[in-house]
file input_38.tsv (TSV, C-alpha atoms)
chain	number	residue	atom	x	y	z
A	1	MET	CA	-207.55	-99.98	-1.33
A	2	LYS	CA	-209.11	-97.76	-4.01
A	3	ALA	CA	-206.32	-95.24	-3.52
A	4	LEU	CA	-203.71	-97.96	-4.07
A	5	ALA	CA	-205.46	-99.13	-7.24
A	6	PHE	CA	-205.58	-95.54	-8.49
A	7	VAL	CA	-201.84	-95.06	-7.82
A	8	LEU	CA	-201.03	-98.31	-9.61
A	9	LEU	CA	-203.14	-97.38	-12.62
A	10	CYS	CA	-201.56	-93.93	-12.81
A	11	SER	CA	-198.09	-95.44	-12.80
A	12	LEU	CA	-198.79	-97.55	-15.88
A	13	PRO	CA	-197.38	-96.20	-19.15
A	14	ILE	CA	-200.00	-94.46	-21.25
A	15	GLN	CA	-200.59	-96.37	-24.45
A	16	ASN	CA	-200.96	-94.31	-27.59
A	17	PRO	CA	-202.89	-96.32	-30.20
A	18	GLN	CA	-201.73	-94.00	-33.00
A	19	GLU	CA	-198.07	-94.49	-32.03
A	20	ASP	CA	-198.58	-98.26	-31.85
A	21	MET	CA	-200.16	-98.29	-35.33
A	22	LYS	CA	-197.35	-96.14	-36.73
A	23	LYS	CA	-194.74	-98.47	-35.22
A	24	LYS	CA	-196.48	-101.52	-36.71
A	25	ALA	CA	-196.66	-99.80	-40.10
A	26	PHE	CA	-192.95	-98.91	-39.82
A	27	TYR	CA	-191.98	-102.52	-39.09
A	28	THR	CA	-194.27	-103.80	-41.88
A	29	MET	CA	-192.55	-101.44	-44.31
A	30	ILE	CA	-189.10	-102.57	-43.15
A	31	ASN	CA	-190.05	-106.24	-43.48
A	32	ALA	CA	-191.11	-105.62	-47.07
A	33	LEU	CA	-187.73	-104.02	-47.89
A	34	ILE	CA	-185.13	-106.17	-46.17
A	35	SER	CA	-184.40	-109.83	-46.79
A	36	HIS	CA	-183.42	-110.82	-43.20
A	37	SER	CA	-180.26	-112.35	-44.65
A	38	VAL	CA	-178.09	-111.55	-41.59
A	39	ASP	CA	-178.68	-111.60	-37.85
A	40	GLU	CA	-180.71	-108.65	-36.64
A	41	VAL	CA	-180.95	-106.80	-33.35
A	42	LYS	CA	-183.52	-104.22	-32.27
A	43	ALA	CA	-182.60	-101.05	-30.43
A	44	ASP	CA	-184.45	-102.11	-27.29
A	45	GLN	CA	-182.43	-105.36	-27.14
A	46	ILE	CA	-179.04	-103.64	-26.94
A	47	THR	CA	-177.59	-103.32	-23.46
A	48	GLN	CA	-173.87	-104.03	-23.73
A	49	GLU	CA	-171.55	-101.20	-24.78
A	50	ASN	CA	-168.57	-103.27	-25.95
A	51	ARG	CA	-169.18	-103.51	-29.68
A	52	VAL	CA	-168.20	-101.99	-33.00
A	53	TRP	CA	-170.74	-99.68	-34.66
A	54	LEU	CA	-170.59	-99.20	-38.43
A	55	ASP	CA	-172.68	-96.51	-40.11
A	56	ALA	CA	-173.72	-97.44	-43.67
A	57	ARG	CA	-175.45	-94.15	-44.50
A	58	ALA	CA	-174.23	-91.37	-46.77
A	59	LYS	CA	-171.59	-89.04	-45.32
A	60	ALA	CA	-174.12	-86.16	-45.19
A	61	GLU	CA	-176.39	-88.29	-42.99
A	62	PHE	CA	-173.50	-89.35	-40.75
A	63	ASP	CA	-172.41	-85.71	-40.37
A	64	VAL	CA	-175.82	-84.73	-38.91
A	65	SER	CA	-175.80	-87.37	-36.18
A	66	ARG	CA	-174.78	-90.92	-35.45
A	67	ILE	CA	-174.82	-93.57	-32.79
A	68	GLU	CA	-172.01	-92.79	-30.37
A	69	ASN	CA	-168.61	-94.22	-31.38
A	70	ALA	CA	-169.86	-95.28	-34.82
A	71	GLN	CA	-167.40	-95.54	-37.67
A	72	PHE	CA	-168.51	-94.24	-41.05
A	73	VAL	CA	-168.24	-96.92	-43.79
A	74	GLY	CA	-170.92	-95.72	-46.20
A	75	TYR	CA	-172.96	-97.77	-48.59
A	76	ASP	CA	-172.48	-96.64	-52.18
A	77	ASN	CA	-168.70	-96.84	-51.93
A	78	PHE	CA	-168.32	-99.37	-49.13
A	79	ASP	CA	-164.86	-100.96	-49.26
A	80	ILE	CA	-164.09	-104.01	-47.13
A	81	GLU	CA	-160.57	-102.57	-46.66
A	82	SER	CA	-162.11	-99.77	-44.56
A	83	VAL	CA	-162.75	-102.34	-41.79
A	84	SER	CA	-159.56	-104.36	-42.11
A	85	GLU	CA	-158.37	-103.30	-38.62
A	86	ILE	CA	-161.50	-104.69	-36.94
A	87	ASP	CA	-161.19	-108.10	-35.27
A	88	LYS	CA	-163.19	-110.58	-37.36
A	89	ASN	CA	-164.72	-112.01	-34.16
A	90	ALA	CA	-165.76	-108.66	-32.66
A	91	GLU	CA	-169.46	-107.93	-32.24
A	92	ILE	CA	-170.32	-105.58	-35.08
A	93	ILE	CA	-173.63	-103.79	-35.49
A	94	VAL	CA	-174.20	-102.11	-38.83
A	95	TYR	CA	-176.92	-99.50	-39.20
A	96	CYS	CA	-178.38	-97.02	-41.66
A	97	SER	CA	-181.68	-95.14	-41.61
A	98	ILE	CA	-184.02	-98.14	-41.45
A	99	GLY	CA	-181.88	-101.25	-42.07
A	100	TYR	CA	-181.81	-101.82	-45.84
A	101	ARG	CA	-178.36	-100.42	-46.71
A	102	SER	CA	-176.84	-101.75	-43.51
A	103	GLU	CA	-178.14	-105.24	-44.30
A	104	LYS	CA	-176.26	-105.16	-47.62
A	105	VAL	CA	-173.05	-104.00	-45.92
A	106	ALA	CA	-173.51	-106.65	-43.20
A	107	GLU	CA	-173.82	-109.32	-45.93
A	108	LYS	CA	-170.44	-108.20	-47.35
A	109	LEU	CA	-168.87	-108.37	-43.89
A	110	VAL	CA	-170.15	-111.93	-43.37
A	111	GLN	CA	-168.87	-112.92	-46.83
A	112	ALA	CA	-165.47	-111.48	-45.86
A	113	GLY	CA	-165.31	-113.75	-42.79
A	114	PHE	CA	-166.61	-111.55	-39.98
A	115	THR	CA	-168.35	-113.89	-37.55
A	116	ASN	CA	-170.51	-111.73	-35.27
A	117	VAL	CA	-172.28	-109.22	-37.51
A	118	LYS	CA	-175.76	-107.88	-36.87
A	119	ASN	CA	-178.01	-105.47	-38.70
A	120	LEU	CA	-179.75	-102.85	-36.54
A	121	TYR	CA	-183.37	-103.56	-37.41
A	122	GLY	CA	-185.13	-100.25	-37.99
A	123	GLY	CA	-181.80	-98.44	-38.15
A	124	ILE	CA	-181.09	-95.12	-36.53
A	125	PHE	CA	-184.77	-94.21	-36.92
A	126	ASP	CA	-185.86	-96.99	-34.56
A	127	TRP	CA	-182.83	-96.28	-32.34
A	128	HIS	CA	-183.94	-92.67	-31.89
A	129	ASN	CA	-187.64	-93.59	-31.66
A	130	SER	CA	-186.75	-96.02	-28.85
A	131	GLY	CA	-185.32	-93.19	-26.78
A	132	LYS	CA	-181.66	-94.01	-27.39
A	133	HIS	CA	-179.44	-90.99	-27.94
A	134	VAL	CA	-177.46	-89.92	-30.96
A	135	VAL	CA	-174.50	-87.54	-31.11
A	136	ASP	CA	-173.34	-84.86	-33.51
A	137	SER	CA	-169.92	-84.64	-35.16
A	138	LEU	CA	-168.44	-83.21	-31.92
A	139	GLY	CA	-169.82	-86.04	-29.78
A	140	ASN	CA	-172.54	-83.91	-28.20
A	141	GLN	CA	-175.98	-85.43	-27.72
A	142	THR	CA	-178.42	-84.06	-30.30
A	143	ASN	CA	-182.03	-84.44	-31.33
A	144	LYS	CA	-181.17	-84.05	-35.02
A	145	VAL	CA	-181.50	-87.07	-37.28
A	146	HIS	CA	-181.13	-87.03	-41.05
A	147	GLY	CA	-184.45	-88.13	-42.55
A	148	PHE	CA	-182.92	-89.49	-45.78
A	149	GLY	CA	-185.79	-87.88	-47.68
A	150	ARG	CA	-189.18	-86.40	-46.86
A	151	THR	CA	-190.91	-89.71	-47.65
A	152	TRP	CA	-188.72	-91.50	-45.12
A	153	GLY	CA	-188.45	-88.78	-42.48
A	154	VAL	CA	-192.09	-89.28	-41.51
A	155	TRP	CA	-191.00	-92.41	-39.62
A	156	LEU	CA	-188.99	-90.36	-37.11
A	157	ASN	CA	-190.74	-89.44	-33.86
A	158	ASP	CA	-189.78	-86.43	-31.77
A	159	ALA	CA	-186.63	-85.75	-33.78
A	160	GLU	CA	-185.43	-82.57	-35.38
A	161	THR	CA	-185.46	-84.06	-38.86
A	162	VAL	CA	-182.79	-82.74	-41.21
A	163	TYR	CA	-182.78	-83.18	-45.00
call {"tool": "encode", "arguments": {"input": "input_38.tsv", "output": "structure tokens"}}
result
Amino acid sequence: MKALAFVLLCSLPIQNPQEDMKKKAFYTMINALISHSVDEVKADQITQENRVWLDARAKAEFDVSRIENAQFVGYDNFDIESVSEIDKNAEIIVYCSIGYRSEKVAEKLVQAGFTNVKNLYGGIFDWHNSGKHVVDSLGNQTNKVHGFGRTWGVWLNDAETVY
């Protein structure tokens, strides 16, 4: 019986209090920056593959890595015409580094009549931190993620952070 209890305890995931505190601080920071004006989805809630991914980061960030099959739309120069070929009822998930820029682009999509738009809460940082993979410009899985800036890159875990 003791052996069984030992095996069960050893199979439990090891909790890292520092990681948990960092994750809570990350989400607190995000909540202070975004307005929650559009539907949101977290990386760990995404299971279905049939969706449209829009990347609202700068081109230099997109060129380092992206969520597989993402379409670059940018933020500073986002033009609604760049998504005119997308079905207005398709499931669209917009992301950036942490969710601020993508929320603004998602708001524009909703205003333009897109009906199933979500912001990736925590952005590509939370995506990567959740163990989901990203790809480079050739479609190869990579551990590189653009950190946006040294102040922001601290929120990436176990990534090869590029600036």
call {"tool": "closest_residue", "arguments": {"input": "input_38.tsv", "among": "A:Ile67, A:Val83, A:Leu109, A:Val52", "to": "A:Asp39", "atoms": "all atoms listed in the file"}}
result
A:Leu109
call {"tool": "residues_around", "arguments": {"input": "input_38.tsv", "residues": "A:Leu156", "least_positions_apart": "4", "cutoff": "12 Å", "atoms": "only C-alpha atoms", "output": "VMD selection string"}}
result
chain A and resid 19 22 to 23 26 97 to 98 122 to 131 143 to 152 160 to 162
call {"tool": "write_last_selection", "arguments": {"input": "input_38.tsv", "atoms": "C-alpha atoms", "output": "PDB file, in the coordinates of the input"}}
result
ATOM      1  CA  GLU A  19    -198.070 -94.490 -32.030  1.00  0.00           C
ATOM      2  CA  LYS A  22    -197.350 -96.140 -36.730  1.00  0.00           C
ATOM      3  CA  LYS A  23    -194.740 -98.470 -35.220  1.00  0.00           C
ATOM      4  CA  PHE A  26    -192.950 -98.910 -39.820  1.00  0.00           C
ATOM      5  CA  SER A  97    -181.680 -95.140 -41.610  1.00  0.00           C
ATOM      6  CA  ILE A  98    -184.020 -98.140 -41.450  1.00  0.00           C
ATOM      7  CA  GLY A 122    -185.130-100.250 -37.990  1.00  0.00           C
ATOM      8  CA  GLY A 123    -181.800 -98.440 -38.150  1.00  0.00           C
ATOM      9  CA  ILE A 124    -181.090 -95.120 -36.530  1.00  0.00           C
ATOM     10  CA  PHE A 125    -184.770 -94.210 -36.920  1.00  0.00           C
ATOM     11  CA  ASP A 126    -185.860 -96.990 -34.560  1.00  0.00           C
ATOM     12  CA  TRP A 127    -182.830 -96.280 -32.340  1.00  0.00           C
ATOM     13  CA  HIS A 128    -183.940 -92.670 -31.890  1.00  0.00           C
ATOM     14  CA  ASN A 129    -187.640 -93.590 -31.660  1.00  0.00           C
ATOM     15  CA  SER A 130    -186.750 -96.020 -28.850  1.00  0.00           C
ATOM     16  CA  GLY A 131    -185.320 -93.190 -26.780  1.00  0.00           C
ATOM     17  CA  ASN A 143    -182.030 -84.440 -31.330  1.00  0.00           C
ATOM     18  CA  LYS A 144    -181.170 -84.050 -35.020  1.00  0.00           C
ATOM     19  CA  VAL A 145    -181.500 -87.070 -37.280  1.00  0.00           C
ATOM     20  CA  HIS A 146    -181.130 -87.030 -41.050  1.00  0.00           C
ATOM     21  CA  GLY A 147    -184.450 -88.130 -42.550  1.00  0.00           C
ATOM     22  CA  PHE A 148    -182.920 -89.490 -45.780  1.00  0.00           C
ATOM     23  CA  GLY A 149    -185.790 -87.880 -47.680  1.00  0.00           C
ATOM     24  CA  ARG A 150    -189.180 -86.400 -46.860  1.00  0.00           C
ATOM     25  CA  THR A 151    -190.910 -89.710 -47.650  1.00  0.00           C
ATOM     26  CA  TRP A 152    -188.720 -91.500 -45.120  1.00  0.00           C
ATOM     27  CA  GLU A 160    -185.430 -82.570 -35.380  1.00  0.00           C
ATOM     28  CA  THR A 161    -185.460 -84.060 -38.860  1.00  0.00           C
ATOM     29  CA  VAL A 162    -182.790 -82.740 -41.210  1.00  0.00           C
TER      30      VAL A 162
END
call {"tool": "atom_distance", "arguments": {"input": "input_38.tsv", "atom1": "atom CA of A:Ile86", "atom2": "atom CA of A:Glu61"}}
result
23.0 Å
call {"tool": "atom_distance", "arguments": {"input": "input_38.tsv", "atom1": "atom CA of A:Val94", "atom2": "atom CA of A:Asn31"}}
result
17.0 Å
call {"tool": "closest_residue", "arguments": {"input": "input_38.tsv", "among": "A:Leu138, A:Ala70, A:Ile80, A:Ile30", "to": "A:Val110", "atoms": "all atoms listed in the file"}}
result
A:Ile80
call {"tool": "build_atoms", "arguments": {"input": "input_38.tsv", "residues": "stretch 135-162 of chain A", "atoms": "N, CA and C atoms", "output": "mmCIF file, in the frame of the given file"}}
result
data_model
loop_
_atom_site.group_PDB
_atom_site.id
_atom_site.type_symbol
_atom_site.label_atom_id
_atom_site.label_comp_id
_atom_site.auth_asym_id
_atom_site.auth_seq_id
_atom_site.Cartn_x
_atom_site.Cartn_y
_atom_site.Cartn_z
ATOM 1 N N VAL A 135 -175.428 -88.645 -31.327
ATOM 2 C CA VAL A 135 -174.500 -87.540 -31.110
ATOM 3 C C VAL A 135 -174.179 -86.857 -32.427
ATOM 4 N N ASP A 136 -173.747 -85.598 -32.323
ATOM 5 C CA ASP A 136 -173.340 -84.860 -33.510
ATOM 6 C C ASP A 136 -171.859 -85.116 -33.793
ATOM 7 N N SER A 137 -171.300 -84.408 -34.755
ATOM 8 C CA SER A 137 -169.920 -84.640 -35.160
ATOM 9 C C SER A 137 -168.911 -84.303 -34.066
ATOM 10 N N LEU A 138 -169.318 -83.538 -33.041
ATOM 11 C CA LEU A 138 -168.440 -83.210 -31.920
ATOM 12 C C LEU A 138 -168.618 -84.143 -30.737
ATOM 13 N N GLY A 139 -169.559 -85.092 -30.864
ATOM 14 C CA GLY A 139 -169.820 -86.040 -29.780
ATOM 15 C C GLY A 139 -170.846 -85.557 -28.785
ATOM 16 N N ASN A 140 -171.508 -84.442 -29.087
ATOM 17 C CA ASN A 140 -172.540 -83.910 -28.200
ATOM 18 C C ASN A 140 -173.889 -84.534 -28.538
ATOM 19 N N GLN A 141 -174.650 -84.870 -27.499
ATOM 20 C CA GLN A 141 -175.980 -85.430 -27.720
ATOM 21 C C GLN A 141 -176.818 -84.428 -28.498
ATOM 22 N N THR A 142 -177.591 -84.923 -29.466
ATOM 23 C CA THR A 142 -178.420 -84.060 -30.300
ATOM 24 C C THR A 142 -179.774 -84.721 -30.549
ATOM 25 N N ASN A 143 -180.714 -83.928 -30.956
ATOM 26 C CA ASN A 143 -182.030 -84.440 -31.330
ATOM 27 C C ASN A 143 -182.182 -84.460 -32.850
ATOM 28 N N LYS A 144 -181.124 -84.088 -33.561
ATOM 29 C CA LYS A 144 -181.170 -84.050 -35.020
ATOM 30 C C LYS A 144 -180.892 -85.437 -35.588
ATOM 31 N N VAL A 145 -181.713 -85.821 -36.553
ATOM 32 C CA VAL A 145 -181.500 -87.070 -37.280
ATOM 33 C C VAL A 145 -181.783 -86.776 -38.751
ATOM 34 N N HIS A 146 -180.913 -87.224 -39.619
ATOM 35 C CA HIS A 146 -181.130 -87.030 -41.050
ATOM 36 C C HIS A 146 -182.274 -87.948 -41.488
ATOM 37 N N GLY A 147 -183.249 -87.379 -42.155
ATOM 38 C CA GLY A 147 -184.450 -88.130 -42.550
ATOM 39 C C GLY A 147 -184.338 -88.864 -43.861
ATOM 40 N N PHE A 148 -183.190 -88.832 -44.504
ATOM 41 C CA PHE A 148 -182.920 -89.490 -45.780
ATOM 42 C C PHE A 148 -183.702 -88.845 -46.919
ATOM 43 N N GLY A 149 -184.923 -88.542 -46.719
ATOM 44 C CA GLY A 149 -185.790 -87.880 -47.680
ATOM 45 C C GLY A 149 -187.134 -87.646 -47.001
ATOM 46 N N ARG A 150 -187.909 -86.737 -47.521
ATOM 47 C CA ARG A 150 -189.180 -86.400 -46.860
ATOM 48 C C ARG A 150 -190.118 -87.597 -46.752
ATOM 49 N N THR A 151 -190.075 -88.508 -47.709
ATOM 50 C CA THR A 151 -190.910 -89.710 -47.650
ATOM 51 C C THR A 151 -190.511 -90.591 -46.482
ATOM 52 N N TRP A 152 -189.228 -90.644 -46.183
ATOM 53 C CA TRP A 152 -188.720 -91.500 -45.120
ATOM 54 C C TRP A 152 -188.742 -90.823 -43.760
ATOM 55 N N GLY A 153 -188.521 -89.515 -43.739
ATOM 56 C CA GLY A 153 -188.450 -88.780 -42.480
ATOM 57 C C GLY A 153 -189.711 -88.845 -41.644
ATOM 58 N N VAL A 154 -190.832 -89.183 -42.268
ATOM 59 C CA VAL A 154 -192.090 -89.280 -41.510
ATOM 60 C C VAL A 154 -192.035 -90.380 -40.457
ATOM 61 N N TRP A 155 -191.095 -91.297 -40.574
ATOM 62 C CA TRP A 155 -191.000 -92.410 -39.620
ATOM 63 C C TRP A 155 -190.258 -92.020 -38.350
ATOM 64 N N LEU A 156 -189.671 -90.833 -38.316
ATOM 65 C CA LEU A 156 -188.990 -90.360 -37.110
ATOM 66 C C LEU A 156 -189.998 -89.710 -36.167
ATOM 67 N N ASN A 157 -189.891 -90.034 -34.889
ATOM 68 C CA ASN A 157 -190.740 -89.440 -33.860
ATOM 69 C C ASN A 157 -189.904 -88.512 -33.002
ATOM 70 N N ASP A 158 -190.406 -87.345 -32.711
ATOM 71 C CA ASP A 158 -189.780 -86.430 -31.770
ATOM 72 C C ASP A 158 -188.320 -86.131 -32.093
ATOM 73 N N ALA A 159 -187.979 -86.099 -33.357
ATOM 74 C CA ALA A 159 -186.630 -85.750 -33.780
ATOM 75 C C ALA A 159 -186.683 -84.428 -34.529
ATOM 76 N N GLU A 160 -185.585 -83.721 -34.507
ATOM 77 C CA GLU A 160 -185.430 -82.570 -35.380
ATOM 78 C C GLU A 160 -184.912 -83.127 -36.706
ATOM 79 N N THR A 161 -185.822 -83.383 -37.617
ATOM 80 C CA THR A 161 -185.460 -84.060 -38.860
ATOM 81 C C THR A 161 -184.768 -83.118 -39.812
ATOM 82 N N VAL A 162 -183.608 -83.536 -40.302
ATOM 83 C CA VAL A 162 -182.790 -82.740 -41.210
ATOM 84 C C VAL A 162 -182.772 -83.428 -42.563
#
